[in-house]
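Since the structure comes first, as structure tokens, the remarks are kept for the end.
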Amino acid sequence: MSHYKNVRRVTTRVLQGMKNKHEKIAMLTAYDYSMARLLDTAKIDVLLVGDSASNVMAGYESTLPITLDHMIYHAASVVRGVNRALVVVDLPFGTYQGNSKLALKSAIRIMKETGAAAIKIEGGAEVEESIRRILSAGIPVMGHLGLTPQSIHKFGTYVVRATDEEEAEKLIEDAHILEELGCFAIVLEKIPARLACQLSKEIKIPIIGIGAGGDVDGQVLVLHDMLGITQEFSPRFLRRYHDLSAEIKDAVSRYIDDVKNLDFPNKNEQY
Ligand code: KIV
């Protein structure tokens, strides 16, 4: 039974309450008004305006090219479709690393120009200063560790992270740093389930997993992947809840046939 299904607004405090009461947090990405509205009506807890928009909306190979202006456009569209969910927005590559004043400026633009409730940042100790400064302005921050796609050129591969002791230790240290700084939640992407489970026990703030097993406080997936709109991406952790690409192709083919065969529009579909 859910204690939080009927809350009018999901806040960072609600998410902490969910963790404390062992109620799982459901999070999905969203990039536009219409989808955000549908997901919010279905009572999704958190909507992430992910920089995965760079891949699924703009067709780039990585998340690196998307700009702050693009993210603001997507986030403002999502916020207009939402009444209940907590909207979190990714700070894109190049808007926070190595410069905490720039990080604060980027975060403030997101909060002012979109109406979102929080931002997400990839990395641990190396972005500590940026996180500290953003938090000091009263902006809630979600961390992101493990396979952090903005660092893909450092990793050179999308394989599971933190399988060796050294990387696992650094990840554990980073998670504690994020918690101590005052982040309200942490996304753990593509790491061993055992490590994620250990962290969700050790760390008091909610741990949201993607490819991190079931023993964490919540799950996130990229909407286009779980709906089967994207076809080429099928990692082991991805469960497809629909084959929307087939349905869309079928609907469009039927429309084309109807137009070509003079079947659309009919007498009732004209003025
Ligand atoms: O950008 C994104 O969609 C993300 C999720 C994969 C967590 O960061």
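Scheme for the structure tokens: letters A, B, ... for chains in order shown; per-chain residue numbers from 1; ligand numbers from 1 in order shown.
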Find the spatial neighbours of segment 128-131 of chain A, counting only C-alpha atoms, within a cut-off of 8 Å - ignore same-chain residues fewer than 4 positions away - and output them as an MDAnalysis selection string. chainID A and resid 96:101 103:104 121 124 135 141 177:178 181
Let's have the selection written as a tab-separated table (two decimals), in the first residue's frame, with all heavy atoms.
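Wrote it out as again.tsv, contents follow:
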```tsv
chain	number	residue	atom	x	y	z
A	96	TYR	N	29.01	23.09	-15.79
A	96	TYR	CA	29.27	23.06	-14.34
A	96	TYR	C	30.63	22.51	-13.96
A	96	TYR	O	31.14	22.77	-12.87
A	96	TYR	CB	28.19	22.24	-13.61
A	96	TYR	CG	28.11	20.78	-13.99
A	96	TYR	CD1	28.80	19.81	-13.28
A	96	TYR	CD2	27.36	20.37	-15.09
A	96	TYR	CE1	28.72	18.47	-13.63
A	96	TYR	CE2	27.28	19.04	-15.46
A	96	TYR	CZ	27.97	18.09	-14.72
A	96	TYR	OH	27.89	16.78	-15.10
A	97	GLN	N	31.27	21.75	-14.87
A	97	GLN	CA	32.54	21.10	-14.50
A	97	GLN	C	33.64	22.15	-14.36
A	97	GLN	O	33.82	22.99	-15.25
A	97	GLN	CB	32.95	20.07	-15.55
A	97	GLN	CG	32.00	18.88	-15.67
A	97	GLN	CD	30.96	19.04	-16.76
A	97	GLN	OE1	30.64	20.14	-17.19
A	97	GLN	NE2	30.42	17.91	-17.21
A	98	GLY	N	34.36	22.09	-13.24
A	98	GLY	CA	35.57	22.91	-13.09
A	98	GLY	C	35.33	24.39	-12.88
A	98	GLY	O	36.27	25.18	-12.88
A	99	ASN	N	34.09	24.80	-12.68
A	99	ASN	CA	33.83	26.22	-12.48
A	99	ASN	C	32.52	26.37	-11.71
A	99	ASN	O	31.42	26.34	-12.28
A	99	ASN	CB	33.73	26.91	-13.86
A	99	ASN	CG	33.55	28.42	-13.73
A	99	ASN	OD1	33.12	28.91	-12.69
A	99	ASN	ND2	33.89	29.14	-14.80
A	100	SER	N	32.65	26.54	-10.40
A	100	SER	CA	31.46	26.51	-9.56
A	100	SER	C	30.57	27.74	-9.76
A	100	SER	O	29.36	27.68	-9.57
A	100	SER	CB	31.84	26.35	-8.09
A	100	SER	OG	32.56	27.47	-7.65
A	101	LYS	N	31.19	28.87	-10.18
A	101	LYS	CA	30.36	30.06	-10.43
A	101	LYS	C	29.51	29.85	-11.68
A	101	LYS	O	28.34	30.22	-11.72
A	101	LYS	CB	31.24	31.29	-10.59
A	101	LYS	CG	31.81	31.74	-9.26
A	101	LYS	CD	32.47	33.09	-9.33
A	101	LYS	CE	32.97	33.45	-7.94
A	101	LYS	NZ	34.09	34.34	-7.95
A	103	ALA	N	28.60	26.95	-12.71
A	103	ALA	CA	27.62	25.93	-12.32
A	103	ALA	C	26.40	26.58	-11.69
A	103	ALA	O	25.25	26.25	-12.02
A	103	ALA	CB	28.26	24.95	-11.35
A	104	LEU	N	26.65	27.53	-10.77
A	104	LEU	CA	25.53	28.21	-10.10
A	104	LEU	C	24.72	29.01	-11.12
A	104	LEU	O	23.48	28.97	-11.10
A	104	LEU	CB	26.06	29.13	-9.00
A	104	LEU	CG	24.98	29.93	-8.28
A	104	LEU	CD1	23.94	29.02	-7.62
A	104	LEU	CD2	25.59	30.85	-7.22
A	121	ILE	N	23.41	16.54	-11.41
A	121	ILE	CA	24.80	16.74	-11.81
A	121	ILE	C	25.52	15.40	-11.79
A	121	ILE	O	25.34	14.61	-10.87
A	121	ILE	CB	25.49	17.70	-10.81
A	121	ILE	CG1	25.13	19.15	-11.13
A	121	ILE	CG2	27.00	17.53	-10.81
A	121	ILE	CD1	25.93	20.16	-10.34
A	124	GLY	N	31.34	13.03	-8.58
A	124	GLY	CA	31.47	13.07	-7.12
A	124	GLY	C	32.41	14.17	-6.68
A	124	GLY	O	32.15	15.36	-6.92
A	135	LEU	N	23.88	24.29	-4.01
A	135	LEU	CA	23.07	24.03	-2.82
A	135	LEU	C	22.95	25.28	-1.95
A	135	LEU	O	21.90	25.53	-1.34
A	135	LEU	CB	23.68	22.88	-2.00
A	135	LEU	CG	23.49	21.48	-2.59
A	135	LEU	CD1	24.39	20.48	-1.88
A	135	LEU	CD2	22.03	21.03	-2.47
A	141	VAL	N	19.83	19.43	-5.32
A	141	VAL	CA	20.71	18.74	-6.27
A	141	VAL	C	20.58	17.23	-6.13
A	141	VAL	O	20.67	16.69	-5.02
A	141	VAL	CB	22.19	19.15	-6.06
A	141	VAL	CG1	23.11	18.37	-7.00
A	141	VAL	CG2	22.38	20.65	-6.27
A	177	ILE	N	30.20	11.61	-0.06
A	177	ILE	CA	30.44	13.05	-0.23
A	177	ILE	C	29.14	13.73	-0.65
A	177	ILE	O	28.76	14.78	-0.11
A	177	ILE	CB	31.56	13.30	-1.29
A	177	ILE	CG1	32.92	12.90	-0.72
A	177	ILE	CG2	31.57	14.76	-1.76
A	177	ILE	CD1	34.07	12.92	-1.72
A	178	LEU	N	28.43	13.14	-1.63
A	178	LEU	CA	27.19	13.76	-2.11
A	178	LEU	C	26.16	13.87	-0.99
A	178	LEU	O	25.46	14.87	-0.85
A	178	LEU	CB	26.61	12.96	-3.29
A	178	LEU	CG	27.46	12.92	-4.58
A	178	LEU	CD1	26.75	12.12	-5.67
A	178	LEU	CD2	27.76	14.32	-5.08
A	181	LEU	N	27.27	16.60	1.44
A	181	LEU	CA	27.08	17.95	0.88
A	181	LEU	C	25.63	18.41	1.02
A	181	LEU	O	25.35	19.59	1.12
A	181	LEU	CB	27.44	17.94	-0.61
A	181	LEU	CG	28.94	17.97	-0.95
A	181	LEU	CD1	29.13	17.73	-2.45
A	181	LEU	CD2	29.55	19.30	-0.55
```
Could I get the residues of chain A with an atom no further than 6 Å from an atom of ligand 1, each paired with its nearest atom pair and that distance in Å to one decimal, using only C-alpha atoms and all ligand atoms, sorted by chain and residue number, as CSV?
```
residue,atom,partner,partner_atom_place_in_ligand_line,distance
A:Thr29,CA,ligand 1,3 (O),5.8
A:Gly50,CA,ligand 1,1 (O),3.3
A:Asp51,CA,ligand 1,1 (O),4.1
A:Ser52,CA,ligand 1,1 (O),3.8
A:Val222,CA,ligand 1,3 (O),5.4
```
Convert the current residue selection to file output with C-alpha atoms, as a short mmCIF file (atom, residue, chain, number, x, y, z; two decimals), in the first residue's frame.
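Result saved to part25.cif:
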```cif
data_model
loop_
_atom_site.label_atom_id
_atom_site.label_comp_id
_atom_site.auth_asym_id
_atom_site.auth_seq_id
_atom_site.Cartn_x
_atom_site.Cartn_y
_atom_site.Cartn_z
CA THR A 29 12.64 10.80 -18.35
CA GLY A 50 17.62 14.09 -18.91
CA ASP A 51 20.40 15.15 -21.19
CA SER A 52 19.53 11.85 -22.91
CA VAL A 222 14.64 6.52 -20.39
#
```
Return as a short mmCIF file (atom, residue, chain, number, x, y, z; two decimals) with N, CA and C atoms, in the first residue's frame the full set of residues in segment 7-246 of chain A whose backbone-based DSSP assignment is strand (DSSP E).
```cif
data_model
loop_
_atom_site.label_atom_id
_atom_site.label_comp_id
_atom_site.auth_asym_id
_atom_site.auth_seq_id
_atom_site.Cartn_x
_atom_site.Cartn_y
_atom_site.Cartn_z
N ILE A 25 10.48 4.50 -5.35
CA ILE A 25 10.29 5.73 -6.13
C ILE A 25 10.35 5.37 -7.61
N ALA A 26 9.34 5.82 -8.39
CA ALA A 26 9.32 5.55 -9.84
C ALA A 26 9.64 6.83 -10.59
N MET A 27 10.69 6.76 -11.40
CA MET A 27 11.16 7.95 -12.12
C MET A 27 11.33 7.59 -13.59
N LEU A 28 10.96 8.51 -14.47
CA LEU A 28 11.15 8.33 -15.92
C LEU A 28 11.67 9.63 -16.49
N THR A 29 12.24 9.56 -17.67
CA THR A 29 12.64 10.80 -18.35
C THR A 29 11.43 11.36 -19.10
N VAL A 46 8.79 11.05 -10.15
CA VAL A 46 9.81 12.03 -10.57
C VAL A 46 9.94 12.00 -12.09
N LEU A 47 9.98 13.18 -12.70
CA LEU A 47 10.28 13.27 -14.13
C LEU A 47 11.65 13.91 -14.27
N LEU A 48 12.52 13.20 -14.97
CA LEU A 48 13.87 13.73 -15.21
C LEU A 48 13.94 14.25 -16.64
N VAL A 49 14.21 15.55 -16.75
CA VAL A 49 14.50 16.09 -18.08
C VAL A 49 15.98 15.79 -18.29
N LEU A 86 7.78 15.58 -9.24
CA LEU A 86 8.96 16.42 -9.03
C LEU A 86 9.73 16.44 -10.35
N VAL A 87 9.99 17.64 -10.87
CA VAL A 87 10.74 17.74 -12.13
C VAL A 87 12.20 18.09 -11.84
N VAL A 88 13.08 17.22 -12.31
CA VAL A 88 14.53 17.38 -12.12
C VAL A 88 15.16 17.56 -13.50
N VAL A 89 16.12 18.48 -13.60
CA VAL A 89 16.70 18.78 -14.91
C VAL A 89 18.22 18.55 -14.88
N ASP A 90 18.72 17.85 -15.88
CA ASP A 90 20.18 17.64 -15.98
C ASP A 90 20.89 18.93 -16.34
N ALA A 118 14.45 20.99 -9.24
CA ALA A 118 15.78 20.51 -8.85
C ALA A 118 16.64 20.31 -10.09
N ILE A 119 17.94 20.18 -9.85
CA ILE A 119 18.84 19.87 -10.97
C ILE A 119 19.62 18.60 -10.64
N LYS A 120 20.18 17.99 -11.70
CA LYS A 120 21.01 16.78 -11.51
C LYS A 120 22.39 17.06 -12.11
N ILE A 121 23.41 16.54 -11.41
CA ILE A 121 24.80 16.74 -11.81
C ILE A 121 25.52 15.40 -11.79
N GLU A 122 26.34 15.14 -12.81
CA GLU A 122 27.13 13.91 -12.83
C GLU A 122 28.47 14.11 -12.12
N VAL A 141 19.83 19.43 -5.32
CA VAL A 141 20.71 18.74 -6.27
C VAL A 141 20.58 17.23 -6.13
N MET A 142 20.40 16.57 -7.27
CA MET A 142 20.44 15.11 -7.34
C MET A 142 21.80 14.74 -7.92
N GLY A 143 22.50 13.81 -7.28
CA GLY A 143 23.80 13.36 -7.81
C GLY A 143 23.62 12.25 -8.83
N HIS A 144 24.69 11.88 -9.50
CA HIS A 144 24.65 10.81 -10.50
C HIS A 144 26.05 10.19 -10.57
N LEU A 145 26.15 8.91 -10.19
CA LEU A 145 27.45 8.21 -10.15
C LEU A 145 27.36 6.90 -10.92
N GLY A 146 28.51 6.28 -11.16
CA GLY A 146 28.55 5.02 -11.91
C GLY A 146 28.85 5.34 -13.35
N ALA A 185 19.15 13.16 -3.39
CA ALA A 185 19.06 11.80 -3.93
C ALA A 185 20.26 11.57 -4.84
N ILE A 186 20.50 10.29 -5.15
CA ILE A 186 21.62 9.95 -6.04
C ILE A 186 21.14 8.91 -7.05
N VAL A 187 21.42 9.15 -8.33
CA VAL A 187 21.20 8.13 -9.36
C VAL A 187 22.48 7.29 -9.46
N LEU A 188 22.31 5.97 -9.44
CA LEU A 188 23.44 5.06 -9.68
C LEU A 188 23.18 4.34 -10.99
N GLU A 189 24.06 4.53 -11.96
CA GLU A 189 23.82 3.96 -13.29
C GLU A 189 24.81 2.83 -13.58
N ILE A 207 18.37 6.41 -3.15
CA ILE A 207 19.24 5.95 -4.23
C ILE A 207 18.33 5.44 -5.35
N ILE A 208 18.46 6.05 -6.51
CA ILE A 208 17.63 5.66 -7.66
C ILE A 208 18.53 4.92 -8.65
N GLY A 209 18.15 3.72 -9.02
CA GLY A 209 19.02 2.92 -9.89
C GLY A 209 18.55 2.87 -11.33
N ILE A 210 19.53 2.72 -12.22
CA ILE A 210 19.26 2.36 -13.62
C ILE A 210 20.34 1.34 -13.96
N GLY A 218 14.62 3.30 -5.66
CA GLY A 218 13.75 3.61 -6.79
C GLY A 218 14.43 3.26 -8.09
N GLN A 219 13.68 3.42 -9.18
CA GLN A 219 14.20 3.07 -10.50
C GLN A 219 13.94 4.21 -11.46
N VAL A 220 14.85 4.35 -12.44
CA VAL A 220 14.62 5.31 -13.53
C VAL A 220 14.94 4.61 -14.85
N LEU A 221 14.14 4.91 -15.87
CA LEU A 221 14.44 4.46 -17.23
C LEU A 221 14.24 5.63 -18.19
#
```
Long-range neighbours of segment 57-69 of chain A as a tab-separated table (two decimals) with all heavy atoms, in the first residue's frame, 7 Å cut-off, only C-alpha atoms, 4 positions minimum in chain:
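Contents of selection.tsv, as written:
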```tsv
chain	number	residue	atom	x	y	z
A	51	ASP	N	19.66	14.73	-20.00
A	51	ASP	CA	20.40	15.15	-21.19
A	51	ASP	C	20.43	14.03	-22.22
A	51	ASP	O	20.99	14.18	-23.31
A	51	ASP	CB	21.80	15.66	-20.84
A	51	ASP	CG	22.64	14.63	-20.10
A	51	ASP	OD1	22.15	13.53	-19.82
A	51	ASP	OD2	23.80	14.95	-19.80
A	52	SER	N	19.78	12.89	-21.89
A	52	SER	CA	19.53	11.85	-22.91
A	52	SER	C	18.64	12.41	-24.01
A	52	SER	O	18.50	11.79	-25.07
A	52	SER	CB	18.88	10.62	-22.26
A	52	SER	OG	17.77	10.99	-21.47
A	53	ALA	N	18.07	13.59	-23.81
A	53	ALA	CA	17.37	14.30	-24.90
A	53	ALA	C	18.31	14.47	-26.09
A	53	ALA	O	17.88	14.48	-27.24
A	53	ALA	CB	16.90	15.67	-24.42
A	73	TYR	N	14.62	24.66	-22.93
A	73	TYR	CA	13.44	24.51	-23.79
A	73	TYR	C	12.66	23.23	-23.41
A	73	TYR	O	11.44	23.27	-23.20
A	73	TYR	CB	13.88	24.46	-25.27
A	73	TYR	CG	12.79	23.99	-26.19
A	73	TYR	CD1	11.76	24.85	-26.58
A	73	TYR	CD2	12.76	22.67	-26.63
A	73	TYR	CE1	10.73	24.41	-27.41
A	73	TYR	CE2	11.74	22.23	-27.46
A	73	TYR	CZ	10.73	23.09	-27.84
A	73	TYR	OH	9.72	22.65	-28.65
A	92	PRO	N	23.70	20.20	-18.42
A	92	PRO	CA	24.41	19.53	-19.51
A	92	PRO	C	25.92	19.70	-19.44
A	92	PRO	O	26.43	20.58	-18.71
A	92	PRO	CB	23.83	20.21	-20.76
A	92	PRO	CG	23.37	21.54	-20.31
A	92	PRO	CD	22.95	21.38	-18.87
A	93	PHE	N	26.60	18.89	-20.21
A	93	PHE	CA	28.07	18.89	-20.28
A	93	PHE	C	28.59	20.30	-20.56
A	93	PHE	O	28.09	20.99	-21.44
A	93	PHE	CB	28.51	17.93	-21.39
A	93	PHE	CG	29.99	17.86	-21.58
A	93	PHE	CD1	30.80	17.31	-20.60
A	93	PHE	CD2	30.58	18.35	-22.75
A	93	PHE	CE1	32.18	17.24	-20.77
A	93	PHE	CE2	31.95	18.28	-22.93
A	93	PHE	CZ	32.75	17.73	-21.95
A	149	PRO	N	27.21	9.29	-18.41
A	149	PRO	CA	27.41	9.35	-19.86
A	149	PRO	C	28.18	10.58	-20.35
A	149	PRO	O	28.77	10.53	-21.43
A	149	PRO	CB	25.98	9.34	-20.42
A	149	PRO	CG	25.17	8.67	-19.36
A	149	PRO	CD	25.79	9.09	-18.06
A	150	GLN	N	28.20	11.66	-19.56
A	150	GLN	CA	28.99	12.83	-20.01
A	150	GLN	C	30.49	12.52	-20.00
A	150	GLN	O	31.27	13.27	-20.58
A	150	GLN	CB	28.68	14.05	-19.13
A	150	GLN	CG	27.26	14.59	-19.34
A	150	GLN	CD	26.94	15.78	-18.44
A	150	GLN	OE1	27.83	16.41	-17.87
A	150	GLN	NE2	25.65	16.08	-18.30
```
Measuring between only C-alpha atoms, which one of A:Ile134, A:Leu102, A:Val216, A:Ala125 shows the shortest distance to His176 of chain A? A:Ala125
Name all residues at most 9 Å from Asp243 of chain A (count only C-alpha atoms; drop same-chain ones fewer than 2 positions away) and give them as a list of chain:residue names. A:Met226, A:Leu227, A:Gly228, A:Ile229, A:Gln231, A:Arg240, A:Tyr241, A:Ser245, A:Ala246, A:Glu247, A:Ile248
